[in-house]
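Chemist: query.txt (compact mmCIF, C-alpha atoms and all ligand atoms) pasted underneath:
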```txt
# COMPACT_ATOMS: atom_id res chain seq x y z
CA MET A 131 90.57 116.64 101.02
CA VAL A 132 90.77 113.25 102.75
CA SER A 133 88.47 110.43 101.79
CA ALA A 134 88.60 106.90 103.20
CA ARG A 135 86.40 104.03 102.13
CA GLY A 136 86.02 100.65 103.78
CA LEU A 137 89.32 100.68 105.68
CA SER A 138 90.17 97.56 107.61
CA ARG A 139 93.43 96.66 109.31
CA THR A 140 94.27 93.62 111.37
CA TYR A 141 97.46 92.78 113.22
CA GLY A 142 98.88 89.31 113.71
CA SER A 143 97.06 86.10 112.84
CA GLU A 144 94.67 83.64 114.46
CA PRO A 145 94.30 82.84 117.29
CA THR A 146 95.64 86.26 118.32
CA LEU A 147 94.29 88.27 115.37
CA VAL A 148 93.50 91.88 116.37
CA HIS A 149 90.91 93.83 114.37
CA ALA A 150 92.38 97.29 114.89
CA LEU A 151 90.10 98.93 112.30
CA ARG A 152 86.82 97.62 110.90
CA ASP A 153 85.28 98.98 107.69
CA VAL A 154 85.94 102.67 108.36
CA SER A 155 84.79 105.31 105.87
CA LEU A 156 85.15 109.05 106.40
CA ASP A 157 85.63 112.37 104.63
CA VAL A 158 87.50 115.45 105.79
CA ALA A 159 86.93 118.77 104.02
CA PRO A 160 89.79 121.14 103.07
CA GLY A 161 90.68 123.43 105.98
CA GLU A 162 88.79 121.31 108.48
CA MET A 163 90.23 120.32 111.85
CA VAL A 164 88.87 116.94 112.88
CA ALA A 165 89.47 115.34 116.26
CA VAL A 166 89.61 111.55 116.44
CA VAL A 167 88.62 110.57 119.93
CA GLY A 168 88.64 107.21 121.61
CA ARG A 169 90.18 105.36 124.51
CA SER A 170 93.60 103.76 124.36
CA GLY A 171 93.59 100.78 121.99
CA SER A 172 90.48 101.91 120.08
CA GLY A 173 92.38 102.26 116.77
CA LYS A 174 93.29 105.98 116.59
CA THR A 175 96.95 105.48 115.66
CA THR A 176 96.08 102.74 113.18
CA LEU A 177 93.58 105.06 111.46
CA LEU A 178 95.93 108.05 111.36
CA ASN A 179 98.78 105.94 109.97
CA LEU A 180 96.54 104.73 107.15
CA LEU A 181 95.25 108.23 106.34
CA GLY A 182 98.78 109.66 106.27
CA GLY A 183 100.33 106.83 104.27
CA LEU A 184 102.57 105.49 107.05
CA ASP A 185 100.85 102.11 106.83
CA ARG A 186 98.69 100.17 104.36
CA PRO A 187 95.20 98.80 105.04
CA ASP A 188 94.20 95.16 104.47
CA THR A 189 91.21 96.45 102.52
CA GLY A 190 89.86 99.85 101.55
CA THR A 191 91.13 103.03 99.92
CA VAL A 192 92.47 106.40 101.03
CA HIS A 193 92.58 109.53 98.87
CA VAL A 194 94.42 112.65 100.01
CA ASP A 195 94.15 115.77 97.90
CA GLY A 196 93.12 113.72 94.86
CA ILE A 197 95.97 111.22 95.24
CA GLU A 198 95.06 107.59 95.84
CA VAL A 199 97.43 106.98 98.75
CA THR A 200 96.59 103.27 98.91
CA ALA A 201 97.80 102.83 95.31
CA LEU A 202 101.25 104.38 95.89
CA ASP A 203 104.43 102.33 96.00
CA ASP A 204 107.11 103.01 98.63
CA ALA A 205 108.70 105.77 96.54
CA GLY A 206 105.29 107.36 96.07
CA LEU A 207 104.62 107.24 99.80
CA SER A 208 108.00 108.86 100.54
CA GLU A 209 107.15 111.63 98.12
CA LEU A 210 103.72 112.07 99.72
CA ARG A 211 105.32 112.48 103.13
CA ARG A 212 107.91 114.89 101.77
CA GLU A 213 105.45 117.03 99.81
CA SER A 214 101.87 116.79 101.11
CA VAL A 215 101.38 115.17 104.52
CA SER A 216 103.22 115.93 107.77
CA TYR A 217 103.08 114.39 111.16
CA VAL A 218 103.25 115.54 114.75
CA PHE A 219 103.84 112.79 117.29
CA GLN A 220 103.24 112.53 121.02
CA SER A 221 106.99 112.19 121.62
CA PHE A 222 107.96 115.30 119.55
CA GLY A 223 110.61 113.41 117.55
CA LEU A 224 113.11 116.27 117.29
CA LEU A 225 116.77 115.62 116.47
CA PRO A 226 118.67 116.29 119.72
CA ALA A 227 121.90 117.52 118.12
CA LEU A 228 120.18 120.19 116.02
CA THR A 229 118.96 123.59 117.18
CA ALA A 230 115.27 124.47 117.08
CA ALA A 231 115.78 126.39 113.83
CA GLU A 232 117.74 123.50 112.26
CA ASN A 233 115.04 121.02 113.29
CA VAL A 234 112.39 123.17 111.63
CA GLY A 235 114.53 123.26 108.48
CA VAL A 236 114.90 119.48 108.18
CA PRO A 237 111.97 118.96 105.76
CA LEU A 238 113.39 121.72 103.56
CA ARG A 239 116.83 120.09 103.57
CA LEU A 240 115.20 116.91 102.31
CA ARG A 241 113.83 118.97 99.44
CA ARG A 242 117.20 120.63 98.80
CA THR A 243 115.83 124.10 99.49
CA PRO A 244 118.69 126.65 99.38
CA VAL A 245 120.10 127.43 102.81
CA ALA A 246 119.12 131.13 102.88
CA GLU A 247 115.50 130.33 102.05
CA ARG A 248 115.52 127.51 104.60
CA GLU A 249 116.76 129.77 107.37
CA HIS A 250 114.27 132.46 106.44
CA ARG A 251 111.33 130.04 106.52
CA ALA A 252 112.50 128.44 109.78
CA ALA A 253 112.64 131.89 111.39
CA LEU A 254 109.13 132.72 110.15
CA LEU A 255 107.73 129.46 111.49
CA LEU A 256 109.44 129.74 114.87
CA ASP A 257 107.87 133.19 115.11
CA LEU A 258 104.48 131.69 114.24
CA VAL A 259 104.74 129.24 117.15
CA GLY A 260 106.07 131.91 119.51
CA LEU A 261 109.65 130.65 119.77
CA SER A 262 111.71 133.30 118.00
CA ASP A 263 113.83 133.75 121.11
CA HIS A 264 114.68 130.03 121.26
CA ALA A 265 115.89 129.42 117.70
CA ALA A 266 119.44 128.52 118.73
CA GLN A 267 118.50 126.17 121.57
CA ARG A 268 118.58 122.40 121.28
CA PRO A 269 115.58 120.22 122.22
CA GLY A 270 117.17 119.26 125.56
CA GLU A 271 117.19 122.93 126.52
CA LEU A 272 113.46 123.37 125.82
CA SER A 273 110.36 122.42 127.82
CA GLY A 274 107.99 119.75 126.51
CA GLY A 275 105.51 122.35 125.31
CA GLN A 276 108.28 124.27 123.53
CA GLN A 277 109.57 121.08 121.90
CA GLN A 278 106.10 120.30 120.59
CA ARG A 279 105.85 123.85 119.21
CA VAL A 280 109.12 123.26 117.35
CA ALA A 281 107.73 119.97 116.04
CA ILE A 282 104.62 121.80 114.81
CA ALA A 283 106.77 124.42 113.09
CA ARG A 284 108.79 121.63 111.48
CA ALA A 285 105.60 119.93 110.32
CA LEU A 286 104.58 123.16 108.57
CA ALA A 287 107.96 123.83 106.96
CA GLY A 288 107.14 122.05 103.72
CA SER A 289 103.69 123.70 103.43
CA PRO A 290 101.81 120.41 103.73
CA ARG A 291 98.20 120.05 102.64
CA LEU A 292 97.44 117.69 105.52
CA LEU A 293 98.72 117.69 109.09
CA VAL A 294 98.27 114.47 111.06
CA ALA A 295 98.81 114.76 114.81
CA ASP A 296 98.75 111.63 116.97
CA GLU A 297 98.03 112.63 120.58
CA PRO A 298 100.24 115.72 120.26
CA THR A 299 99.44 116.79 123.82
CA GLY A 300 99.78 113.33 125.37
CA GLN A 301 103.06 114.12 127.13
CA LEU A 302 102.12 117.63 128.21
CA ASP A 303 100.37 118.90 131.34
CA ALA A 304 96.76 120.05 130.89
CA GLU A 305 97.49 123.75 130.55
CA THR A 306 100.38 123.30 128.10
CA GLY A 307 98.34 120.76 126.15
CA LEU A 308 95.51 123.23 125.76
CA ALA A 309 97.95 125.92 124.56
CA VAL A 310 99.44 123.55 121.97
CA MET A 311 95.98 122.53 120.76
CA ALA A 312 94.92 126.18 120.51
CA LEU A 313 98.07 126.86 118.52
CA LEU A 314 97.18 124.03 116.13
CA ARG A 315 93.66 125.43 115.83
CA GLY A 316 95.01 128.85 114.87
CA ILE A 317 97.47 127.37 112.37
CA VAL A 318 94.73 125.44 110.58
CA GLU A 319 93.07 128.78 109.95
CA SER A 320 96.10 130.95 109.20
CA GLU A 321 97.95 128.42 107.01
CA GLY A 322 94.86 126.92 105.36
CA VAL A 323 96.01 123.41 106.27
CA THR A 324 93.68 120.46 106.98
CA ALA A 325 94.30 118.68 110.28
CA ILE A 326 93.39 115.33 111.78
CA VAL A 327 94.23 115.15 115.49
CA ALA A 328 93.90 112.11 117.72
CA THR A 329 93.34 112.76 121.40
CA HIS A 330 91.58 111.23 124.34
CA ASP A 331 91.28 114.53 126.16
CA PRO A 332 87.66 115.84 126.03
CA VAL A 333 88.81 119.39 126.80
CA LEU A 334 90.87 119.53 123.60
CA VAL A 335 88.04 118.16 121.48
CA ALA A 336 86.11 121.41 121.89
CA LEU A 337 88.66 123.18 119.68
CA ALA A 338 88.01 120.94 116.67
CA ASP A 339 85.48 121.63 113.91
CA ARG A 340 84.22 118.08 114.15
CA VAL A 341 84.70 115.01 116.30
CA LEU A 342 84.95 111.44 115.08
CA THR A 343 84.52 108.92 117.86
CA ILE A 344 86.30 105.61 117.51
CA ALA A 345 85.59 102.51 119.57
CA ASP A 346 86.88 99.00 118.93
CA GLY A 347 88.02 99.94 115.43
CA ARG A 348 84.73 101.48 114.32
CA VAL A 349 84.09 105.15 113.71
CA GLY A 350 80.83 106.76 114.82
CA THR A 351 80.06 110.46 115.09
P1 LIG A 401 95.09 103.79 119.89
O1 LIG A 401 96.02 104.66 119.10
O2 LIG A 401 93.67 104.28 119.89
O3 LIG A 401 95.57 103.54 121.27
P2 LIG A 401 96.00 101.65 118.15
O4 LIG A 401 95.60 101.98 116.76
O5 LIG A 401 97.41 101.88 118.52
O6 LIG A 401 94.99 102.36 119.16
O7 LIG A 401 95.69 100.11 118.42
C1 LIG A 401 94.45 99.47 118.05
C2 LIG A 401 94.53 98.00 118.39
O8 LIG A 401 95.50 97.37 117.59
C3 LIG A 401 94.92 97.72 119.83
O9 LIG A 401 94.24 96.57 120.25
C4 LIG A 401 96.42 97.45 119.73
O10 LIG A 401 96.83 96.61 120.77
C5 LIG A 401 96.53 96.79 118.38
N1 LIG A 401 97.83 97.05 117.74
C6 LIG A 401 98.29 98.26 117.36
N2 LIG A 401 99.50 98.15 116.74
C7 LIG A 401 99.80 96.83 116.73
C8 LIG A 401 100.89 96.06 116.23
N3 LIG A 401 101.92 96.63 115.60
N4 LIG A 401 100.86 94.72 116.41
C9 LIG A 401 99.80 94.12 117.04
N5 LIG A 401 98.74 94.79 117.51
C10 LIG A 401 98.71 96.12 117.37
MG MG A 402 97.65 105.72 119.62
```
Spell out the structure here as structure tokens.
Modeler:
Amino acid sequence: MVSARGLSRTYGSEPTLVHALRDVSLDVAPGEMVAVVGRSGSGKTTLLNLLGGLDRPDTGTVHVDGIEVTALDDAGLSELRRESVSYVFQSFGLLPALTAAENVGVPLRLRRTPVAEREHRAALLLDLVGLSDHAAQRPGELSGGQQQRVAIARALAGSPRLLVADEPTGQLDAETGLAVMALLRGIVESEGVTAIVATHDPVLVALADRVLTIADGRVGT
């Protein structure tokens, strides 16, 4: 499903050149949930951004679902993000003026999905994440855990093949974080999506199918 070969990414230039990622190769099978674990600054975000097409490597290739992501131009990357890969971020990233249901529908608006179908799918997804009773509330009226559930529902709206989550529980307390991770785990199974989740919380790692450890830009197992 995801295949990376020889990925390297540096930031800046000498004398302050940072090797954020060094010759990373990995494969993720369809329907797998992989945790990327490493301390702050180890290269998790850099790796996820390359795998999801948010950033380009200095060297190396990424394939997602048979598409060579590293060969796409900007229009191709936009299409990839609209059609195949979705993101969940630590900071939720919901639009404050929209209700929960409207936020979930945003990816469908970008695809010009008819409004009735959009509302129907948003309602289904809010039900999936346990927030049917909160559809009309705005992000400011929801707890952090609820906001992240809305963000997960939004990420699923376009039926992505790959879900990339960068420390999705980083702003949540331990108990809420575990609930959100367990929700993600269940969704990987029920929706048949593939997920790559960065975290530095060892408790959450136990829910993944596989753990990739990253240190100083290198991936071990
Ligand atoms: P993590 O997500 O594991 O905390 P990152 O991928 O964000 O790690 O960062 C890896 C390394 O690259 C760190 O040393 C970080 O300081 C550096 N880095 C990340 N983004 C940038 C950037 N835009 N400019 C310069 N250095 C960066
Ligand atoms: Mg990070």
Chemist: Rank A:His330, A:Arg291, A:Arg139, A:Arg348 by their smallest atom-to-atom distance to ligand MG 402 (chain A), using all atoms listed in the file, and report the top residue only.
Modeler: A:His330
Chemist: When distances are computed from all atoms listed in the file, which of A:Ala328, A:Val158, A:Val236, A:Ile344 shows the smallest separation from ligand MG 402 (chain A)?
Modeler: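 Looking only at the distances to ligand MG 402 (chain A), the closest residue turns out to be A:Ala328.
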Chemist: Which distance in Å separates CA of Pro332 (chain A) and CA of Val194 (chain A), to one decimal?
Modeler: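 Pair CA of Pro332 (chain A) / CA of Val194 (chain A) returns 27.1 Å.
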Chemist: Skip region 175-190 of chain A itself and residues of its chain fewer than 4 positions away, then list as a CSV table (one decimal) with C-alpha atoms, in the frame of the given file all residues within 6 Å of it, counting all atoms listed in the file.
Modeler:
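What landed in around-v8.csv:
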```csv
chain,number,residue,atom,x,y,z
A,135,ARG,CA,86.4,104.0,102.1
A,136,GLY,CA,86.0,100.6,103.8
A,137,LEU,CA,89.3,100.7,105.7
A,138,SER,CA,90.2,97.6,107.6
A,139,ARG,CA,93.4,96.7,109.3
```
Chemist: Would you give me, as CSV, each residue of chain A having an atom within 9 Å of an atom of ligand MG 402 (chain A), along with its shortest atom pair and that distance in Å to one decimal, using only C-alpha atoms and all ligand atoms and sorting by chain and residue number?
Modeler:
```
residue,atom,partner,partner_atom,distance
A:Arg169,CA,A:MG402,MG,8.9
A:Ser170,CA,A:MG402,MG,6.5
A:Gly171,CA,A:MG402,MG,6.8
A:Ser172,CA,A:MG402,MG,8.1
A:Gly173,CA,A:MG402,MG,6.9
A:Lys174,CA,A:MG402,MG,5.3
A:Thr175,CA,A:MG402,MG,4.0
A:Thr176,CA,A:MG402,MG,7.3
A:Leu178,CA,A:MG402,MG,8.8
A:Gln220,CA,A:MG402,MG,8.9
A:Asp296,CA,A:MG402,MG,6.6
A:Glu297,CA,A:MG402,MG,7.0
A:Ala328,CA,A:MG402,MG,7.6
A:Thr329,CA,A:MG402,MG,8.4
```
Chemist: Between A:Thr191, A:Gln301, A:Asn233, A:Ser289, which is the closest to Val318 (chain A) once you count only C-alpha atoms?
Modeler: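 Ranking A:Thr191, A:Gln301, A:Asn233, A:Ser289 by distance to Val318 (chain A), first place goes to A:Ser289.
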Chemist: Pick the closest to ligand LIG 401 (chain A) from A:Pro160, A:Gly300, A:Gly223, A:Gly206: which is it, counting only C-alpha atoms and all ligand atoms?
Modeler: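 Among the listed residues, the smallest separation from ligand LIG 401 (chain A) belongs to A:Gly300.
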Chemist: Which residues, written as a VMD selection string, have at least one atom at most 12 Å from Glu249 (chain A), with only C-alpha atoms counted and residues fewer than 2 positions away on the same chain left out?
Modeler: chain A and resid 229 to 239 243 to 247 251 to 256 265 to 266 287
Chemist: Please determine, counting only C-alpha atoms and all ligand atoms, which residue among A:Ile317, A:Ala304, A:Leu225, A:Ala295 has the shortest atom-to-atom distance to ligand LIG 401 (chain A).
Modeler: A:Ala295
Chemist: What does the distance between CA of Ser216 (chain A) and atom N5 of ligand LIG 401 (chain A) come to in Å, to one decimal place?
Modeler: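 Interatomic distance, CA of Ser216 (chain A) to atom N5 of ligand LIG 401 (chain A): 23.7 Å.
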Chemist: Identify, on the basis of only C-alpha atoms, every residue whose closest approach to His149 (chain A) does not exceed 7 Å; exclude the query and any residue fewer than 5 positions from it along the same chain; express the result as a PyMOL selection string.
Modeler: chain A and resi 139-141+347
Chemist: Rank nothing, just name the residue among A:Ala150, A:Ala205, A:Leu337, A:Val349 nearest to ligand LIG 401 (chain A), using only C-alpha atoms and all ligand atoms.
Modeler: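 Smallest separation from ligand LIG 401 (chain A) among the options: A:Ala150.
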Chemist: Quick one, how far is CA of Gln276 (chain A) from CA of Leu308 (chain A)?
Modeler: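 So the answer is 13.0 Å.
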Chemist: Can you pull out every residue within 6 Å of Thr343 (chain A), counting all atoms listed in the file, but drop anything in the same chain fewer than 2 positions away, and send it as a PyMOL selection string?
Modeler: chain A and resi 166-168+349-351
Chemist: Taking (105.6, 119.7, 105.8) as a centre in this file's frame and 8 Å as the limit, can you find every polymer residue with an atom that close, using all atoms listed in the file, and give them as a PyMOL selection string?
Modeler: chain A and resi 211-217+237+284-290+293
